[in-house]
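Structure data follow from model-v5.pdb (PDB, C-alpha atoms, pLDDT in the B column):
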ATOM      1  CA  MET A 773      37.731  35.666  13.779  1.00 70.00           C
ATOM      2  CA  ASP A 774      41.151  35.263  12.232  1.00 86.00           C
ATOM      3  CA  GLN A 775      41.351  36.365   8.596  1.00 90.00           C
ATOM      4  CA  ARG A 776      43.116  33.132   7.584  1.00 90.00           C
ATOM      5  CA  ILE A 777      40.138  31.099   8.792  1.00 86.00           C
ATOM      6  CA  LEU A 778      37.702  33.326   6.906  1.00 84.00           C
ATOM      7  CA  ASP A 779      39.759  33.006   3.715  1.00 87.00           C
ATOM      8  CA  PHE A 780      39.852  29.231   4.083  1.00 85.00           C
ATOM      9  CA  GLU A 781      36.081  29.033   4.609  1.00 82.00           C
ATOM     10  CA  LYS A 782      35.369  31.191   1.538  1.00 83.00           C
ATOM     11  CA  GLN A 783      36.385  28.421  -0.833  1.00 83.00           C
ATOM     12  CA  PHE A 784      33.592  26.198   0.513  1.00 81.00           C
ATOM     13  CA  TYR A 785      30.754  28.748   0.455  1.00 82.00           C
ATOM     14  CA  LYS A 786      27.882  28.078  -1.929  1.00 81.00           C
ATOM     15  CA  SER A 787      26.101  30.948  -3.595  1.00 78.00           C
ATOM     16  CA  LYS A 788      22.357  31.518  -3.747  1.00 81.00           C
ATOM     17  CA  LEU A 789      21.146  29.019  -1.172  1.00 80.00           C
ATOM     18  CA  PRO A 790      17.456  28.084  -1.403  1.00 82.00           C
ATOM     19  CA  ASP A 791      14.864  29.767   0.783  1.00 85.00           C
ATOM     20  CA  ILE A 792      13.805  26.832   2.950  1.00 87.00           C
ATOM     21  CA  ARG A 793      11.805  27.283   6.143  1.00 89.00           C
ATOM     22  CA  PRO A 794      10.430  24.904   8.767  1.00 91.00           C
ATOM     23  CA  GLY A 795       7.250  23.271   7.505  1.00 89.00           C
ATOM     24  CA  ASP A 796       8.407  23.049   3.879  1.00 89.00           C
ATOM     25  CA  THR A 797       8.472  19.668   2.194  1.00 91.00           C
ATOM     26  CA  VAL A 798      11.818  19.191   0.448  1.00 92.00           C
ATOM     27  CA  ARG A 799      13.744  16.570  -1.498  1.00 94.00           C
ATOM     28  CA  VAL A 800      17.477  16.684  -0.737  1.00 93.00           C
ATOM     29  CA  HIS A 801      19.937  15.064  -3.150  1.00 93.00           C
ATOM     30  CA  GLN A 802      23.197  14.069  -1.489  1.00 91.00           C
ATOM     31  CA  ARG A 803      26.320  12.589  -3.091  1.00 91.00           C
ATOM     32  CA  ILE A 804      27.469   9.382  -1.389  1.00 91.00           C
ATOM     33  CA  GLU A 805      30.653   7.422  -2.067  1.00 91.00           C
ATOM     34  CA  GLU A 806      30.449   3.699  -1.393  1.00 89.00           C
ATOM     35  CA  GLY A 807      33.171   1.234  -2.274  1.00 88.00           C
ATOM     36  CA  GLY A 808      34.824   3.533  -4.804  1.00 87.00           C
ATOM     37  CA  LYS A 809      31.530   4.331  -6.549  1.00 90.00           C
ATOM     38  CA  THR A 810      29.541   7.546  -6.353  1.00 89.00           C
ATOM     39  CA  ARG A 811      25.764   7.755  -6.286  1.00 91.00           C
ATOM     40  CA  ILE A 812      23.104  10.336  -5.534  1.00 91.00           C
ATOM     41  CA  HIS A 813      20.864   9.601  -2.539  1.00 92.00           C
ATOM     42  CA  GLN A 814      17.495  11.356  -2.211  1.00 93.00           C
ATOM     43  CA  PHE A 815      15.869  12.128   1.127  1.00 94.00           C
ATOM     44  CA  GLU A 816      12.372  13.598   1.032  1.00 94.00           C
ATOM     45  CA  GLY A 817      10.546  14.936   4.057  1.00 92.00           C
ATOM     46  CA  MET A 818       9.469  17.989   6.035  1.00 91.00           C
ATOM     47  CA  VAL A 819      11.935  20.554   7.358  1.00 92.00           C
ATOM     48  CA  ILE A 820      11.517  20.633  11.132  1.00 92.00           C
ATOM     49  CA  ALA A 821      14.420  22.943  12.013  1.00 91.00           C
ATOM     50  CA  ALA A 822      16.875  25.380  10.478  1.00 89.00           C
ATOM     51  CA  LYS A 823      19.793  26.261  12.740  1.00 90.00           C
ATOM     52  CA  HIS A 824      22.648  28.768  12.862  1.00 89.00           C
ATOM     53  CA  GLY A 825      21.573  30.776   9.825  1.00 83.00           C
ATOM     54  CA  ARG A 826      23.204  30.382   6.420  1.00 81.00           C
ATOM     55  CA  GLY A 827      26.851  30.516   7.526  1.00 80.00           C
ATOM     56  CA  MET A 828      29.423  27.733   7.535  1.00 84.00           C
ATOM     57  CA  SER A 829      27.873  26.116  10.600  1.00 84.00           C
ATOM     58  CA  GLY A 830      24.288  26.533   9.362  1.00 88.00           C
ATOM     59  CA  SER A 831      22.178  23.416   8.944  1.00 91.00           C
ATOM     60  CA  PHE A 832      18.622  22.194   8.478  1.00 94.00           C
ATOM     61  CA  THR A 833      16.909  19.013   9.667  1.00 94.00           C
ATOM     62  CA  VAL A 834      14.488  16.990   7.539  1.00 94.00           C
ATOM     63  CA  ARG A 835      12.070  14.399   8.937  1.00 92.00           C
ATOM     64  CA  LYS A 836      10.215  11.692   7.028  1.00 91.00           C
ATOM     65  CA  ILE A 837       8.065   8.741   7.978  1.00 87.00           C
ATOM     66  CA  GLY A 838       9.892   5.603   6.857  1.00 85.00           C
ATOM     67  CA  ALA A 839       8.827   2.010   6.454  1.00 86.00           C
ATOM     68  CA  GLY A 840       6.589   0.672   9.203  1.00 83.00           C
ATOM     69  CA  GLY A 841       5.674   4.186  10.364  1.00 82.00           C
ATOM     70  CA  VAL A 842       9.102   4.834  11.888  1.00 85.00           C
ATOM     71  CA  GLY A 843      10.227   8.453  11.848  1.00 88.00           C
ATOM     72  CA  VAL A 844      13.632   9.163  10.287  1.00 91.00           C
ATOM     73  CA  GLU A 845      15.483  12.463  10.650  1.00 92.00           C
ATOM     74  CA  GLN A 846      18.578  13.657   8.880  1.00 92.00           C
ATOM     75  CA  SER A 847      20.514  16.902   9.247  1.00 93.00           C
ATOM     76  CA  PHE A 848      22.268  18.608   6.352  1.00 92.00           C
ATOM     77  CA  PHE A 849      24.854  21.395   6.440  1.00 91.00           C
ATOM     78  CA  TRP A 850      24.243  24.171   3.924  1.00 89.00           C
ATOM     79  CA  HIS A 851      27.818  24.321   2.674  1.00 87.00           C
ATOM     80  CA  ALA A 852      28.678  20.602   2.789  1.00 87.00           C
ATOM     81  CA  PRO A 853      30.461  19.413  -0.366  1.00 86.00           C
ATOM     82  CA  THR A 854      28.153  16.372  -0.503  1.00 88.00           C
ATOM     83  CA  LEU A 855      24.971  18.481  -0.749  1.00 88.00           C
ATOM     84  CA  PHE A 856      24.038  18.258  -4.416  1.00 85.00           C
ATOM     85  CA  LYS A 857      20.522  19.581  -4.932  1.00 88.00           C
ATOM     86  CA  VAL A 858      17.582  20.792  -2.812  1.00 89.00           C
ATOM     87  CA  GLU A 859      14.058  20.832  -4.248  1.00 89.00           C
ATOM     88  CA  ARG A 860      11.225  22.516  -2.387  1.00 89.00           C
ATOM     89  CA  ILE A 861       8.180  20.444  -3.247  1.00 89.00           C
ATOM     90  CA  ARG A 862       5.650  22.248  -1.079  1.00 87.00           C
ATOM     91  CA  ALA A 863       5.787  25.387   1.023  1.00 86.00           C
ATOM     92  CA  GLY A 864       4.698  24.955   4.626  1.00 83.00           C
ATOM     93  CA  ALA A 865       2.313  26.988   6.730  1.00 82.00           C
ATOM     94  CA  ALA A 866       4.162  26.625  10.045  1.00 83.00           C
ATOM     95  CA  ARG A 867       4.181  29.468  12.532  1.00 85.00           C
ATOM     96  CA  ARG A 868       7.052  28.184  14.659  1.00 86.00           C
ATOM     97  CA  ALA A 869      10.809  28.082  14.160  1.00 87.00           C
ATOM     98  CA  LYS A 870      11.248  24.494  15.395  1.00 89.00           C
ATOM     99  CA  LEU A 871       8.677  21.793  14.681  1.00 88.00           C
ATOM    100  CA  TYR A 872       9.901  19.183  17.140  1.00 86.00           C
ATOM    101  CA  TYR A 873       6.334  18.524  18.250  1.00 85.00           C
ATOM    102  CA  LEU A 874       5.808  16.659  14.943  1.00 84.00           C
ATOM    103  CA  ARG A 875       7.799  13.778  16.434  1.00 83.00           C
ATOM    104  CA  LYS A 876       4.807  12.941  18.636  1.00 82.00           C
ATOM    105  CA  LEU A 877       2.141  13.341  15.948  1.00 75.00           C
ATOM    106  CA  THR A 878       0.997  10.819  13.397  1.00 65.00           C
ATOM    107  CA  ALA A 879       1.717  11.380   9.728  1.00 59.00           C
ATOM    108  CA  ARG A 880      -1.879  12.398   9.122  1.00 61.00           C
ATOM    109  CA  ALA A 881      -1.812  15.105  11.806  1.00 60.00           C
ATOM    110  CA  GLY A 882       1.444  16.479  10.416  1.00 58.00           C
ATOM    111  CA  ARG A 883      -0.101  17.033   6.993  1.00 59.00           C
ATOM    112  CA  LYS A 884      -2.183  19.914   8.316  1.00 60.00           C
ATOM    113  CA  LEU A 885       0.905  22.118   8.047  1.00 61.00           C
ATOM    114  CA  ARG A 886       0.996  21.830   4.294  1.00 60.00           C
ATOM    115  CA  GLY A 887       0.544  25.064   2.416  1.00 59.00           C
ATOM    116  CA  LYS A 888       0.642  25.977  -1.256  1.00 59.00           C
ATOM    117  CA  GLU A 889       2.563  24.096  -3.939  1.00 60.00           C
ATOM    118  CA  ALA A 890       6.001  25.484  -4.684  1.00 58.00           C
ATOM    119  CA  GLY A 891       8.548  24.069  -7.097  1.00 63.00           C
ATOM    120  CA  GLU A 892      11.820  25.847  -6.310  1.00 63.00           C
ATOM    121  CA  VAL A 893      14.977  23.879  -7.139  1.00 71.00           C
ATOM    122  CA  TRP A 894      18.512  24.694  -6.044  1.00 67.00           C
ATOM    123  CA  GLU A 895      21.440  22.844  -7.566  1.00 68.00           C
ATOM    124  CA  GLU A 896      25.181  23.221  -7.105  1.00 68.00           C
ATOM    125  CA  GLY A 897      26.787  23.379 -10.555  1.00 68.00           C
ATOM    126  CA  ALA A 898      30.340  22.550  -9.492  1.00 63.00           C
ATOM    127  CA  VAL A 899      29.205  19.408  -7.674  1.00 63.00           C
ATOM    128  CA  LYS A 900      27.185  18.312 -10.694  1.00 67.00           C
ATOM    129  CA  GLU A 901      30.266  18.591 -12.906  1.00 73.00           C
ATOM    130  CA  ALA A 902      32.375  16.674 -10.378  1.00 70.00           C
ATOM    131  CA  VAL A 903      29.856  13.821 -10.328  1.00 71.00           C
ATOM    132  CA  ARG A 904      29.826  13.673 -14.137  1.00 79.00           C
ATOM    133  CA  LYS A 905      33.635  13.488 -14.203  1.00 81.00           C
ATOM    134  CA  GLU A 906      33.731  10.721 -11.601  1.00 80.00           C
ATOM    135  CA  GLN A 907      31.097   8.709 -13.451  1.00 83.00           C
ATOM    136  CA  ALA A 908      33.019   9.107 -16.711  1.00 86.00           C
ATOM    137  CA  GLU A 909      36.251   7.980 -15.011  1.00 85.00           C
ATOM    138  CA  GLN A 910      34.487   4.970 -13.503  1.00 84.00           C
ATOM    139  CA  ALA A 911      33.104   4.032 -16.930  1.00 86.00           C
ATOM    140  CA  GLU A 912      36.591   4.327 -18.483  1.00 85.00           C
ATOM    141  CA  GLU A 913      38.121   2.168 -15.743  1.00 83.00           C
ATOM    142  CA  LYS A 914      35.426  -0.440 -16.234  1.00 82.00           C
ATOM    143  CA  ALA A 915      36.034  -0.450 -19.991  1.00 84.00           C
ATOM    144  CA  GLU A 916      39.801  -0.832 -19.441  1.00 81.00           C
ATOM    145  CA  GLU A 917      39.282  -3.728 -17.027  1.00 77.00           C
ATOM    146  CA  SER A 918      37.078  -5.569 -19.486  1.00 75.00           C
ATOM    147  CA  SER A 919      39.549  -5.054 -22.352  1.00 72.00           C
ATOM    148  CA  GLU A 920      42.560  -6.150 -20.230  1.00 66.00           C
ATOM    149  CA  SER A 921      41.013  -9.416 -19.026  1.00 56.00           C
ATOM    150  CA  PRO A 922      42.232 -12.322 -21.173  1.00 56.00           C
ATOM    151  CA  GLU A 923      39.572 -13.935 -23.302  1.00 54.00           C
ATOM    152  CA  LYS A 924      38.981 -17.609 -22.596  1.00 54.00           C
ATOM    153  CA  PRO A 925      38.905 -19.705 -25.743  1.00 55.00           C
ATOM    154  CA  VAL A 926      35.445 -20.991 -26.505  1.00 55.00           C
ATOM    155  CA  GLN A 927      35.251 -24.765 -26.621  1.00 58.00           C
ATOM    156  CA  THR A 928      33.139 -26.437 -29.211  1.00 59.00           C
ATOM    157  CA  ALA A 929      30.773 -29.282 -28.355  1.00 58.00           C
ATOM    158  CA  GLU A 930      33.156 -31.781 -29.989  1.00 61.00           C
ATOM    159  CA  GLU A 931      36.110 -30.692 -27.793  1.00 62.00           C
ATOM    160  CA  THR A 932      33.968 -30.895 -24.652  1.00 58.00           C
ATOM    161  CA  SER A 933      32.743 -34.400 -25.498  1.00 58.00           C
ATOM    162  CA  ALA A 934      36.333 -35.505 -26.303  1.00 61.00           C
ATOM    163  CA  LYS A 935      37.493 -34.341 -22.831  1.00 61.00           C
ATOM    164  CA  ASN A 936      34.595 -36.000 -21.010  1.00 62.00           C
ATOM    165  CA  GLY A 937      34.465 -39.106 -23.151  1.00 56.00           C
TER     166      GLY A 937
END
Please rewrite the model in this file as structure tokens.
Amino acid sequence: MDQRILDFEKQFYKSKLPDIRPGDTVRVHQRIEEGGKTRIHQFEGMVIAAKHGRGMSGSFTVRKIGAGGVGVEQSFFWHAPTLFKVERIRAGAARRAKLYYLRKLTARAGRKLRGKEAGEVWEEGAVKEAVRKEQAEQAEEKAEESSESPEKPVQTAEETSAKNG
């Protein structure tokens, strides 16, 4: 691959990625920007696939059972700038690389894969600082807006009755 491409990709690499395997139950924290505001969205479920290793194109897929028993899957890239934190809640006991067969099983049958408890947490420090800065800026802007808005004079009960009367 061209050296310029490799140099460009280096600035996006994250160090010390968590050891997540198919079958693990994880909680993924992802930064989402909506309408000029930033929030952290959590997605908790079982890892059903990890693809393309840990490189720039590497990803993992998490599946959870949502409301009404509907299965929801979401894929995350390892080096995405929106990936904020990954917590491994429970280590899995899967013996396959891809757990796509869980799509056909009920939630109860899928629980048989659960292994020992494991509390590993991975968090990107630079992203955490960026979120803090954005939240501080949003708070400052909100404070400026409230101070710039002209105050309406408060009417007393006598003035109100004089207008209406």
For Leu871 of chain A, which residue among A:Phe815, A:Phe832, A:Phe856, A:Tyr785 is the nearest when counting only C-alpha atoms?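 Counting only C-alpha atoms, the residue closest to Leu871 of chain A is A:Phe832.
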Here is a test: counting only C-alpha atoms, which residue of A:Glu859, A:Asp779, A:Glu805, A:Asp796 is nearest to Thr833 of chain A? A:Asp796
Just checking: using all atoms listed in the file, which residue out of A:Ala866, A:Ile861, A:Val842, A:Leu778 ends up closest to Gly827 of chain A? A:Leu778
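Counting from atom CA of His851 of chain A, the distance to atom CA of Glu906 of chain A is 20.6 Å.
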As a list of chain:residue names, please: the residues near Tyr873 of chain A (cut-off 10 Å, all atoms listed in the file, same-chain neighbours under 3 positions excluded). A:Ile820, A:Lys870, A:Lys876, A:Leu877, A:Gly882
Nearest residue to Arg875 of chain A out of A:Leu789, A:Met828, A:Met818, A:Val798, using only C-alpha atoms?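 Answer, going by the shortest atom-to-atom distance: A:Met818.
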Near Lys836 of chain A, within 6 Å and counting only C-alpha atoms, which residues show up once chain neighbours fewer than 5 positions away are dropped, as a PDB file with C-alpha atoms, keeping the file's coordinate frame?
ATOM      1  CA  GLY A 817      10.546  14.936   4.057  1.00 92.00           C
ATOM      2  CA  GLY A 843      10.227   8.453  11.848  1.00 88.00           C
ATOM      3  CA  VAL A 844      13.632   9.163  10.287  1.00 91.00           C
TER       4      VAL A 844
END
